[in-house]
file structure.txt (compact mmCIF, C-alpha atoms)
# COMPACT_ATOMS: atom_id res chain seq x y z
CA MET A 1 -3.95 14.47 -2.10
CA GLY A 2 -1.96 14.03 1.11
CA ASN A 3 -3.45 11.35 3.37
CA PRO A 4 -6.82 10.33 1.93
CA LEU A 5 -9.38 8.51 4.06
CA LEU A 6 -10.04 5.12 2.44
CA LEU A 7 -12.34 2.20 3.15
CA ALA A 8 -11.22 -1.28 2.04
CA ILE A 9 -13.71 -4.18 1.98
CA ASP A 10 -12.90 -7.90 1.69
CA PRO A 11 -15.97 -10.18 1.82
CA GLY A 12 -15.67 -13.86 2.72
CA SER A 13 -18.31 -16.57 2.57
CA THR A 14 -19.54 -15.97 6.15
CA SER A 15 -17.57 -12.89 7.18
CA THR A 16 -16.73 -9.40 5.98
CA LYS A 17 -13.32 -7.89 6.70
CA PHE A 18 -12.91 -4.15 6.26
CA ALA A 19 -10.59 -1.38 7.36
CA LEU A 20 -10.37 2.40 7.35
CA TYR A 21 -7.04 3.86 6.24
CA LEU A 22 -5.66 7.33 6.67
CA GLY A 23 -3.09 7.18 3.93
CA GLU A 24 -1.16 3.96 4.49
CA GLN A 25 -2.08 3.69 8.17
CA ALA A 26 -4.97 1.46 9.18
CA ILE A 27 -6.97 3.32 11.83
CA HIS A 28 -9.86 0.85 12.24
CA VAL A 29 -9.90 -2.84 11.30
CA GLU A 30 -12.85 -5.18 11.74
CA GLN A 31 -14.01 -8.66 10.80
CA LEU A 32 -17.76 -9.15 11.04
CA HIS A 33 -18.97 -12.75 11.29
CA HIS A 34 -22.33 -13.52 9.72
CA PRO A 35 -24.36 -16.46 11.10
CA GLU A 36 -24.85 -19.12 8.45
CA PRO A 37 -28.66 -19.23 8.87
CA GLN A 38 -28.70 -15.48 8.24
CA ILE A 39 -26.32 -15.36 5.28
CA PHE A 40 -27.53 -18.47 3.50
CA GLN A 41 -31.17 -17.42 3.49
CA TYR A 42 -30.40 -15.19 0.50
CA PRO A 43 -30.94 -16.71 -2.96
CA SER A 44 -27.57 -15.49 -4.27
CA VAL A 45 -24.33 -13.90 -3.12
CA ALA A 46 -25.30 -10.57 -4.70
CA ALA A 47 -28.56 -10.56 -2.74
CA GLN A 48 -26.52 -10.31 0.49
CA ALA A 49 -25.23 -6.84 -0.44
CA ASP A 50 -27.71 -4.68 1.53
CA TYR A 51 -27.40 -6.88 4.62
CA ARG A 52 -23.59 -6.72 4.60
CA LEU A 53 -23.48 -3.01 3.79
CA GLN A 54 -25.74 -2.16 6.71
CA ALA A 55 -23.50 -4.17 9.02
CA ILE A 56 -20.40 -2.28 7.84
CA VAL A 57 -22.07 1.15 8.12
CA GLN A 58 -23.47 0.44 11.58
CA ASN A 59 -20.06 -0.69 12.83
CA LEU A 60 -18.30 2.40 11.51
CA LEU A 61 -20.90 4.79 12.90
CA SER A 62 -20.80 3.06 16.30
CA HIS A 63 -17.07 3.82 16.42
CA GLY A 64 -17.56 7.47 15.53
CA PHE A 65 -16.49 7.36 11.88
CA PHE A 66 -18.47 9.53 9.47
CA LEU A 67 -18.68 8.08 6.00
CA ASP A 68 -19.17 11.41 4.25
CA ARG A 69 -15.50 12.09 4.92
CA LEU A 70 -14.32 9.17 2.78
CA ASP A 71 -12.20 9.95 -0.27
CA ALA A 72 -12.50 6.52 -1.95
CA VAL A 73 -13.70 2.94 -1.41
CA VAL A 74 -12.03 -0.25 -2.63
CA GLY A 75 -13.42 -3.79 -2.69
CA ARG A 76 -11.92 -7.21 -3.25
CA GLY A 77 -12.18 -8.09 -6.94
CA GLY A 78 -14.50 -10.96 -7.80
CA PHE A 79 -15.16 -13.28 -10.73
CA LEU A 80 -15.11 -11.11 -13.85
CA HIS A 81 -13.82 -11.87 -17.32
CA SER A 82 -10.03 -12.10 -17.53
CA VAL A 83 -8.21 -8.80 -17.06
CA HIS A 84 -4.64 -7.53 -16.75
CA SER A 85 -3.31 -6.73 -13.30
CA GLY A 86 -3.90 -3.27 -11.90
CA VAL A 87 -6.45 -0.96 -10.29
CA TYR A 88 -9.89 -0.84 -11.90
CA ARG A 89 -12.54 1.83 -11.42
CA VAL A 90 -15.81 0.10 -10.57
CA ASN A 91 -18.52 0.92 -13.12
CA GLU A 92 -22.04 -0.24 -13.95
CA ALA A 93 -20.81 -2.89 -16.39
CA MET A 94 -18.63 -4.49 -13.71
CA VAL A 95 -21.39 -4.41 -11.10
CA ARG A 96 -23.88 -5.92 -13.54
CA ASP A 97 -21.53 -8.83 -14.38
CA LEU A 98 -21.03 -9.51 -10.67
CA GLN A 99 -24.70 -9.23 -9.75
CA LEU A 100 -25.57 -11.72 -12.49
CA ALA A 101 -22.60 -13.93 -11.55
CA ARG A 102 -21.83 -14.17 -15.27
CA TYR A 103 -18.39 -15.71 -14.63
CA GLY A 104 -19.02 -17.54 -11.36
CA GLU A 105 -20.66 -17.17 -7.96
CA HIS A 106 -18.28 -16.24 -5.16
CA ALA A 107 -18.30 -14.10 -2.01
CA SER A 108 -15.57 -11.87 -3.45
CA ASN A 109 -18.11 -10.70 -6.04
CA LEU A 110 -19.57 -8.54 -3.26
CA GLY A 111 -16.40 -6.45 -2.94
CA ALA A 112 -17.04 -4.25 -5.97
CA ILE A 113 -20.82 -4.21 -5.40
CA LEU A 114 -20.46 -2.93 -1.83
CA ALA A 115 -17.78 -0.41 -2.79
CA TYR A 116 -19.83 0.93 -5.69
CA THR A 117 -23.03 1.26 -3.66
CA LEU A 118 -21.29 3.17 -0.89
CA ALA A 119 -19.21 5.32 -3.24
CA ASP A 120 -22.23 6.25 -5.32
CA LYS A 121 -24.00 7.58 -2.24
CA PHE A 122 -21.13 9.90 -1.34
CA HIS A 123 -20.05 10.77 -4.92
CA ILE A 124 -16.55 9.32 -4.54
CA PRO A 125 -14.68 6.76 -6.66
CA ALA A 126 -14.83 3.01 -6.08
CA TYR A 127 -12.10 0.57 -7.14
CA ILE A 128 -11.00 -3.05 -7.18
CA VAL A 129 -7.36 -4.16 -7.23
CA ASP A 130 -5.85 -7.25 -8.89
CA PRO A 131 -8.86 -9.57 -8.92
CA ILE A 132 -8.39 -13.33 -8.94
CA VAL A 133 -9.07 -13.39 -12.70
CA VAL A 134 -5.87 -11.51 -13.60
CA ASP A 135 -4.51 -13.16 -16.75
CA GLU A 136 -1.17 -12.11 -18.23
CA MET A 137 0.03 -15.55 -19.28
CA ALA A 138 2.31 -15.90 -22.27
CA ASP A 139 0.74 -17.71 -25.23
CA VAL A 140 3.07 -20.70 -24.89
CA ALA A 141 2.09 -21.04 -21.22
CA ARG A 142 -1.56 -21.62 -22.15
CA LEU A 143 -0.89 -24.87 -24.00
CA SER A 144 -1.78 -28.01 -22.07
CA GLY A 145 -1.14 -30.81 -24.53
CA ILE A 146 -4.81 -31.18 -25.48
CA PRO A 147 -6.33 -28.34 -27.57
CA GLU A 148 -9.69 -28.66 -25.80
CA LEU A 149 -8.03 -28.02 -22.44
CA GLN A 150 -6.40 -24.59 -22.30
CA ARG A 151 -4.44 -23.71 -19.17
CA LYS A 152 -6.13 -20.85 -17.29
CA SER A 153 -4.82 -18.18 -14.98
CA TYR A 154 -6.49 -18.55 -11.60
CA VAL A 155 -4.19 -16.95 -9.06
CA HIS A 156 -3.91 -15.15 -5.71
CA ALA A 157 -3.12 -12.03 -7.74
CA LEU A 158 -3.79 -9.42 -5.04
CA ASN A 159 -1.25 -10.74 -2.57
CA VAL A 160 1.24 -11.86 -5.23
CA ARG A 161 1.45 -8.39 -6.74
CA ALA A 162 1.46 -6.65 -3.32
CA VAL A 163 4.48 -8.59 -2.03
CA SER A 164 6.22 -8.14 -5.40
CA TYR A 165 5.83 -4.37 -5.04
CA LEU A 166 7.24 -4.58 -1.51
CA VAL A 167 10.34 -6.58 -2.46
CA ALA A 168 10.95 -4.43 -5.55
CA GLN A 169 10.90 -1.34 -3.31
CA ARG A 170 13.43 -2.99 -1.00
CA LEU A 171 15.65 -3.50 -4.05
CA ASN A 172 15.13 0.13 -5.15
CA LYS A 173 13.68 -1.07 -8.45
CA PRO A 174 10.34 -0.36 -10.12
CA LEU A 175 8.12 -3.42 -10.33
CA THR A 176 8.05 -3.06 -14.12
CA GLU A 177 11.78 -3.78 -14.15
CA SER A 178 11.71 -6.60 -11.59
CA SER A 179 11.26 -10.35 -12.00
CA PHE A 180 10.41 -12.83 -9.26
CA VAL A 181 9.08 -16.28 -8.62
CA VAL A 182 6.33 -15.79 -6.06
CA ALA A 183 4.85 -18.70 -4.12
CA HIS A 184 1.59 -17.93 -2.34
CA LEU A 185 1.20 -20.74 0.20
CA GLY A 186 -2.38 -20.87 1.47
CA SER A 187 -5.25 -23.35 1.44
CA GLY A 188 -4.52 -23.29 -2.27
CA ILE A 189 -1.05 -22.66 -3.68
CA SER A 190 -0.20 -20.24 -6.49
CA VAL A 191 3.35 -20.20 -7.85
CA VAL A 192 3.88 -17.33 -10.27
CA ALA A 193 6.57 -16.33 -12.75
CA MET A 194 6.56 -12.52 -12.47
CA LYS A 195 8.48 -10.99 -15.38
CA ASP A 196 8.89 -7.21 -15.46
CA GLY A 197 5.83 -6.90 -13.25
CA ARG A 198 3.59 -9.22 -15.28
CA MET A 199 2.41 -12.69 -14.29
CA VAL A 200 3.55 -14.53 -17.41
CA ASP A 201 2.92 -18.02 -16.02
CA VAL A 202 0.98 -19.38 -13.04
CA ASN A 203 -0.29 -22.70 -11.84
CA ASN A 204 -4.08 -22.76 -11.55
CA ALA A 205 -4.48 -23.09 -7.79
CA ASN A 206 -7.61 -25.22 -8.21
CA SER A 207 -6.30 -27.84 -10.61
CA GLU A 208 -2.52 -27.64 -11.08
CA GLY A 209 0.73 -27.34 -9.22
CA PRO A 210 1.60 -28.66 -5.75
CA PHE A 211 -0.97 -30.30 -3.54
CA ALA A 212 -2.00 -27.97 -0.73
CA PRO A 213 -3.76 -28.18 2.66
CA GLU A 214 -7.11 -28.92 0.99
CA ARG A 215 -6.48 -29.03 -2.77
CA ALA A 216 -5.15 -31.97 -4.74
CA GLY A 217 -2.99 -29.98 -7.16
CA GLY A 218 -1.86 -31.55 -10.43
CA LEU A 219 -2.92 -35.20 -10.72
CA PRO A 220 -1.88 -38.13 -12.98
CA ALA A 221 -4.22 -37.53 -15.93
CA TYR A 222 -4.71 -41.17 -17.04
CA GLU A 223 -5.50 -42.38 -13.54
CA LEU A 224 -7.80 -39.40 -12.94
CA VAL A 225 -9.87 -40.23 -16.03
CA LYS A 226 -10.15 -43.85 -14.84
CA LEU A 227 -11.30 -42.61 -11.42
CA CYS A 228 -13.92 -40.36 -13.04
CA TYR A 229 -15.47 -43.37 -14.79
CA SER A 230 -15.09 -45.80 -11.91
CA GLY A 231 -18.68 -45.28 -10.82
CA HIS A 232 -17.59 -44.55 -7.24
CA PHE A 233 -17.97 -40.76 -7.39
CA SER A 234 -20.37 -38.23 -8.86
CA GLU A 235 -18.98 -35.21 -10.72
CA GLN A 236 -19.67 -32.96 -7.73
CA GLU A 237 -18.05 -35.41 -5.31
CA LEU A 238 -14.87 -35.54 -7.39
CA LEU A 239 -14.71 -31.75 -7.78
CA GLU A 240 -15.06 -31.42 -4.02
CA LYS A 241 -12.39 -34.08 -3.50
CA ILE A 242 -9.99 -32.13 -5.72
CA THR A 243 -10.67 -28.62 -4.39
CA LYS A 244 -11.77 -29.03 -0.77
CA LYS A 245 -10.89 -32.53 0.45
CA GLY A 246 -7.58 -33.18 -1.27
CA GLY A 247 -3.96 -32.55 -0.34
CA LEU A 248 -2.97 -32.70 3.32
CA TYR A 249 -6.59 -33.24 4.35
CA ALA A 250 -6.97 -36.30 2.13
CA TYR A 251 -3.91 -37.97 3.63
CA LEU A 252 -4.08 -36.79 7.23
CA GLY A 253 -7.62 -35.55 7.91
CA ALA A 254 -6.12 -32.20 8.90
CA LYS A 255 -5.48 -28.90 7.11
CA ASP A 256 -3.86 -26.83 9.86
CA ILE A 257 -0.06 -26.87 9.57
CA ARG A 258 0.28 -26.28 13.32
CA GLU A 259 -1.72 -29.42 14.08
CA ILE A 260 0.34 -31.43 11.61
CA GLU A 261 3.60 -30.16 13.11
CA GLN A 262 2.36 -31.19 16.56
CA ARG A 263 1.64 -34.66 15.23
CA MET A 264 5.13 -34.81 13.76
CA ALA A 265 6.64 -33.78 17.09
CA ALA A 266 4.70 -36.64 18.71
CA GLY A 267 6.30 -39.12 16.31
CA ASP A 268 3.70 -39.35 13.53
CA SER A 269 5.86 -40.46 10.60
CA LEU A 270 3.02 -40.28 8.06
CA ALA A 271 2.44 -36.61 8.92
CA GLU A 272 6.12 -35.85 8.29
CA THR A 273 6.14 -37.78 5.01
CA VAL A 274 3.05 -36.00 3.67
CA LEU A 275 4.17 -32.51 4.73
CA SER A 276 7.59 -33.20 3.24
CA GLY A 277 5.86 -34.30 0.04
CA MET A 278 3.98 -31.02 -0.20
CA VAL A 279 7.17 -29.02 0.33
CA TYR A 280 8.88 -31.16 -2.30
CA GLN A 281 6.17 -30.35 -4.84
CA ILE A 282 6.23 -26.62 -4.00
CA ALA A 283 9.99 -26.55 -4.52
CA LYS A 284 9.63 -28.33 -7.89
CA GLU A 285 7.02 -25.78 -9.02
CA ILE A 286 9.28 -22.90 -7.97
CA GLY A 287 12.09 -24.47 -9.98
CA ALA A 288 9.77 -24.81 -12.99
CA MET A 289 8.80 -21.14 -12.81
CA ALA A 290 12.48 -20.21 -12.54
CA THR A 291 13.00 -21.87 -15.91
CA ALA A 292 10.03 -19.88 -17.31
CA LEU A 293 12.11 -16.80 -16.42
CA GLU A 294 15.22 -18.46 -17.88
CA GLY A 295 16.84 -18.09 -14.48
CA ARG A 296 16.89 -14.28 -14.75
CA MET A 297 15.13 -13.13 -11.61
CA ASP A 298 15.68 -10.76 -8.72
CA GLY A 299 14.54 -13.25 -6.13
CA ILE A 300 11.99 -15.75 -4.84
CA ILE A 301 9.18 -14.64 -2.55
CA LEU A 302 7.39 -16.97 -0.11
CA THR A 303 4.08 -15.60 1.16
CA GLY A 304 0.64 -16.72 2.36
CA GLY A 305 -0.42 -18.33 5.63
CA MET A 306 1.94 -21.33 5.46
CA ALA A 307 4.91 -18.96 5.26
CA TYR A 308 4.43 -18.50 9.02
CA SER A 309 5.57 -22.10 9.48
CA GLU A 310 9.29 -22.19 10.27
CA TRP A 311 9.37 -25.91 9.39
CA VAL A 312 7.87 -25.33 5.93
CA VAL A 313 10.08 -22.32 5.19
CA GLN A 314 13.31 -23.95 6.35
CA HIS A 315 12.70 -27.12 4.35
CA LEU A 316 11.85 -25.05 1.28
CA LEU A 317 15.02 -23.01 1.68
CA GLN A 318 17.07 -26.20 1.64
CA LYS A 319 15.71 -26.94 -1.83
CA ILE A 320 15.42 -23.52 -3.51
CA SER A 321 17.93 -21.11 -1.99
CA PHE A 322 20.54 -21.96 -4.66
CA LEU A 323 18.25 -20.46 -7.32
CA ALA A 324 18.05 -16.86 -6.06
CA PRO A 325 17.77 -14.79 -2.85
CA VAL A 326 14.60 -15.70 -0.94
CA SER A 327 12.30 -13.20 0.81
CA VAL A 328 9.71 -14.49 3.28
CA ILE A 329 6.59 -12.31 3.73
CA PRO A 330 4.04 -14.36 5.71
CA GLY A 331 0.29 -13.83 5.52
CA GLU A 332 -1.87 -12.19 2.90
CA ARG A 333 -2.39 -8.55 3.96
CA GLU A 334 -5.32 -8.29 1.57
CA LEU A 335 -6.81 -5.13 3.07
CA ASP A 336 -3.42 -3.40 3.04
CA ALA A 337 -2.93 -4.46 -0.58
CA LEU A 338 -6.31 -2.97 -1.54
CA ALA A 339 -5.53 0.34 0.14
CA GLN A 340 -2.05 0.50 -1.37
CA GLY A 341 -3.52 -0.03 -4.82
CA ILE A 342 -5.80 2.99 -4.45
CA LEU A 343 -2.94 5.10 -3.10
CA ARG A 344 -0.82 4.33 -6.17
CA VAL A 345 -3.65 5.71 -8.32
CA LEU A 346 -4.48 8.70 -6.13
CA HIS A 347 -0.79 9.67 -5.94
CA GLY A 348 -0.30 9.32 -9.69
CA LYS A 349 2.04 6.32 -9.52
CA GLU A 350 -0.33 4.06 -11.47
CA GLN A 351 -3.05 4.69 -14.01
CA GLU A 352 -6.52 3.41 -13.17
CA GLN A 353 -8.03 1.04 -15.72
CA SER A 354 -11.53 0.66 -17.08
CA TYR A 355 -13.59 -2.53 -17.16
CA THR A 356 -15.60 -3.30 -20.28
CA ALA A 357 -18.23 -6.04 -20.47
CA VAL A 358 -17.90 -8.61 -23.24
CA GLU A 359 -20.64 -10.26 -25.30
CA SER A 360 -20.01 -13.90 -24.46
CA ALA A 361 -19.87 -14.98 -20.85
CA ILE A 362 -18.51 -18.44 -20.04
CA PRO A 363 -18.59 -19.17 -16.30
CA LEU A 364 -15.20 -19.88 -14.74
CA SER A 365 -14.61 -23.20 -13.05
CA ILE A 366 -14.43 -22.52 -9.31
call {"tool": "encode", "arguments": {"input": "structure.txt", "output": "structure tokens"}}
result
Amino acid sequence: MGNPLLLAIDPGSTSTKFALYLGEQAIHVEQLHHPEPQIFQYPSVAAQADYRLQAIVQNLLSHGFFLDRLDAVVGRGGFLHSVHSGVYRVNEAMVRDLQLARYGEHASNLGAILAYTLADKFHIPAYIVDPIVVDEMADVARLSGIPELQRKSYVHALNVRAVSYLVAQRLNKPLTESSFVVAHLGSGISVVAMKDGRMVDVNNANSEGPFAPERAGGLPAYELVKLCYSGHFSEQELLEKITKKGGLYAYLGAKDIREIEQRMAAGDSLAETVLSGMVYQIAKEIGAMATALEGRMDGIILTGGMAYSEWVVQHLLQKISFLAPVSVIPGERELDALAQGILRVLHGKEQEQSYTAVESAIPLSI
């Protein structure tokens, strides 16, 4: 297959990003915004599928694109049971798990559902690529210090693997023979030890690692337990404080790095201290993952939205550049990563994988 026509779909909580690709080239990119009163009237995320699909189809038809010419559809992977990295053919078992939200309710669950519905109509394959539940952690990396608390892989797998492929290509090496420390710097931060193409250790972006623009990162365990029983917070309030109102926001009331840099330029010393503290913690986590690879790595990759910040990147380089060569690939490029995953399968460079439902279903903590 030369240049297949592909549709990539990436649903967010109140928006749907999608793009048409002719081979590797994006020929139509859109982000549809859904009004909150409209989207939140549905009883579940899965119930939004028809509404979102109609919006996508109408947009494509209005721009003169005929869906019966598609060769494949790919959606953002949602909350499934843990899987290895790779490209998965969407099947009924996967769609059923996502519709029932067996492992957690999240907008990304719609990716496979939308892809499967559209692909079924036109008798073409549907895929997901590197969902957030990718788990390739080494056994020793799962130990936390308390048997009841096993460390879990919760990672920006799609972008981490996409930028790893890119840097490996630049080095003229297959990903399966390449090792990197990859730091995805977004609203949550994932730092990954990538060994021979597998994510053998990660920090759970919701509960470990550096503090981030809105997440608290790893916290002092003893003091956290005391805070939980202080009577000042409910369980939901503390979970929200850790995952949505922690990090930079907790200290500064701001999440946008550009705003914080402007405050620093105006002489706000607290802003500089807190941003420096986040960079300090990111650098420490990168150093920790370097030891997980025993120092044998081809490089360090900085990616995600904060990698656009020259201040953040330069201050990180001061602390980590002695470890290995550093590549900076800002942003997430999620749609591109989805399309590239399908192309690897369609061009025979990667084998598609099959998803199998499991008996027990324990919801993930999100």
call {"tool": "closest_atom_pairs", "arguments": {"input": "structure.txt", "of": "stretch 53-87 of chain A", "to": "stretch 320-334 of chain A", "cutoff": "12 Å", "atoms": "only C-alpha atoms", "output": "JSON lines"}}
result
{"residue": "A:Val74", "atom": "CA", "partner": "A:Glu334", "partner_atom": "CA", "distance": 11.3}
{"residue": "A:Gly75", "atom": "CA", "partner": "A:Glu334", "partner_atom": "CA", "distance": 10.2}
{"residue": "A:Arg76", "atom": "CA", "partner": "A:Glu334", "partner_atom": "CA", "distance": 8.2}
{"residue": "A:Gly77", "atom": "CA", "partner": "A:Glu334", "partner_atom": "CA", "distance": 10.9}
call {"tool": "residues_around", "arguments": {"input": "structure.txt", "residues": "A:Gly78", "least_positions_apart": "5", "cutoff": "9 Å", "atoms": "all atoms listed in the file", "output": "list in words"}}
result
Leu98, Gly104, Glu105, His106, Ala107, Ser108, Asn109, Leu110, Gly111, Ala112, Ile128, Pro131, Ile132 and Val133 of chain A
call {"tool": "residues_around", "arguments": {"input": "structure.txt", "residues": "stretch 42-52 of chain A", "least_positions_apart": "2", "cutoff": "12 Å", "atoms": "all atoms listed in the file", "output": "number ranges by chain"}}
result
A: 9-18, 31-40, 54-59, 78-79, 95-102, 104-118
call {"tool": "residues_around", "arguments": {"input": "structure.txt", "residues": "A:His184", "least_positions_apart": "6", "cutoff": "12 Å", "atoms": "all atoms listed in the file", "output": "PyMOL selection string"}}
result
chain A and resi 155-164+190-193+202-205+209-210+212+282+285-286+300-308+328-333
call {"tool": "atom_distance", "arguments": {"input": "structure.txt", "atom1": "atom CA of A:Ala288", "atom2": "atom CA of A:Leu275"}}
result
20.1 Å
call {"tool": "closest_residue", "arguments": {"input": "structure.txt", "among": "A:Leu227, A:Val313, A:Val29, A:Ala250", "to": "A:Leu6", "atoms": "only C-alpha atoms"}}
result
A:Val29
call {"tool": "closest_residue", "arguments": {"input": "structure.txt", "among": "A:Val225, A:Glu214, A:Leu219, A:Arg89", "to": "A:Lys241", "atoms": "only C-alpha atoms"}}
result
A:Glu214
call {"tool": "atom_distance", "arguments": {"input": "structure.txt", "atom1": "atom CA of A:Val83", "atom2": "atom CA of A:Ser153"}}
result
10.2 Å
call {"tool": "atom_distance", "arguments": {"input": "structure.txt", "atom1": "atom CA of A:Arg215", "atom2": "atom CA of A:Gln41"}}
result
28.0 Å
call {"tool": "residues_around", "arguments": {"input": "structure.txt", "residues": "A:Ser309", "least_positions_apart": "6", "cutoff": "10 Å", "atoms": "only C-alpha atoms", "output": "list of chain:residue names"}}
result
A:Ile257, A:Arg258, A:Glu261, A:Pro330
call {"tool": "closest_residue", "arguments": {"input": "structure.txt", "among": "A:Met264, A:Glu30, A:Met278, A:Ala292", "to": "A:Ala141", "atoms": "all atoms listed in the file"}}
result
A:Ala292
call {"tool": "closest_residue", "arguments": {"input": "structure.txt", "among": "A:Leu70, A:Leu171, A:Leu248, A:Val200", "to": "A:Gly186", "atoms": "only C-alpha atoms"}}
result
A:Leu248
call {"tool": "residues_around", "arguments": {"input": "structure.txt", "residues": "stretch 339-351 of chain A", "least_positions_apart": "4", "cutoff": "7 Å", "atoms": "all atoms listed in the file", "output": "ChimeraX atom specification"}}
result
/A:1,6,8,24,87,129,335
call {"tool": "closest_residue", "arguments": {"input": "structure.txt", "among": "A:Ile242, A:Gln262, A:His28, A:Val181", "to": "A:Ser62", "atoms": "all atoms listed in the file"}}
result
A:His28
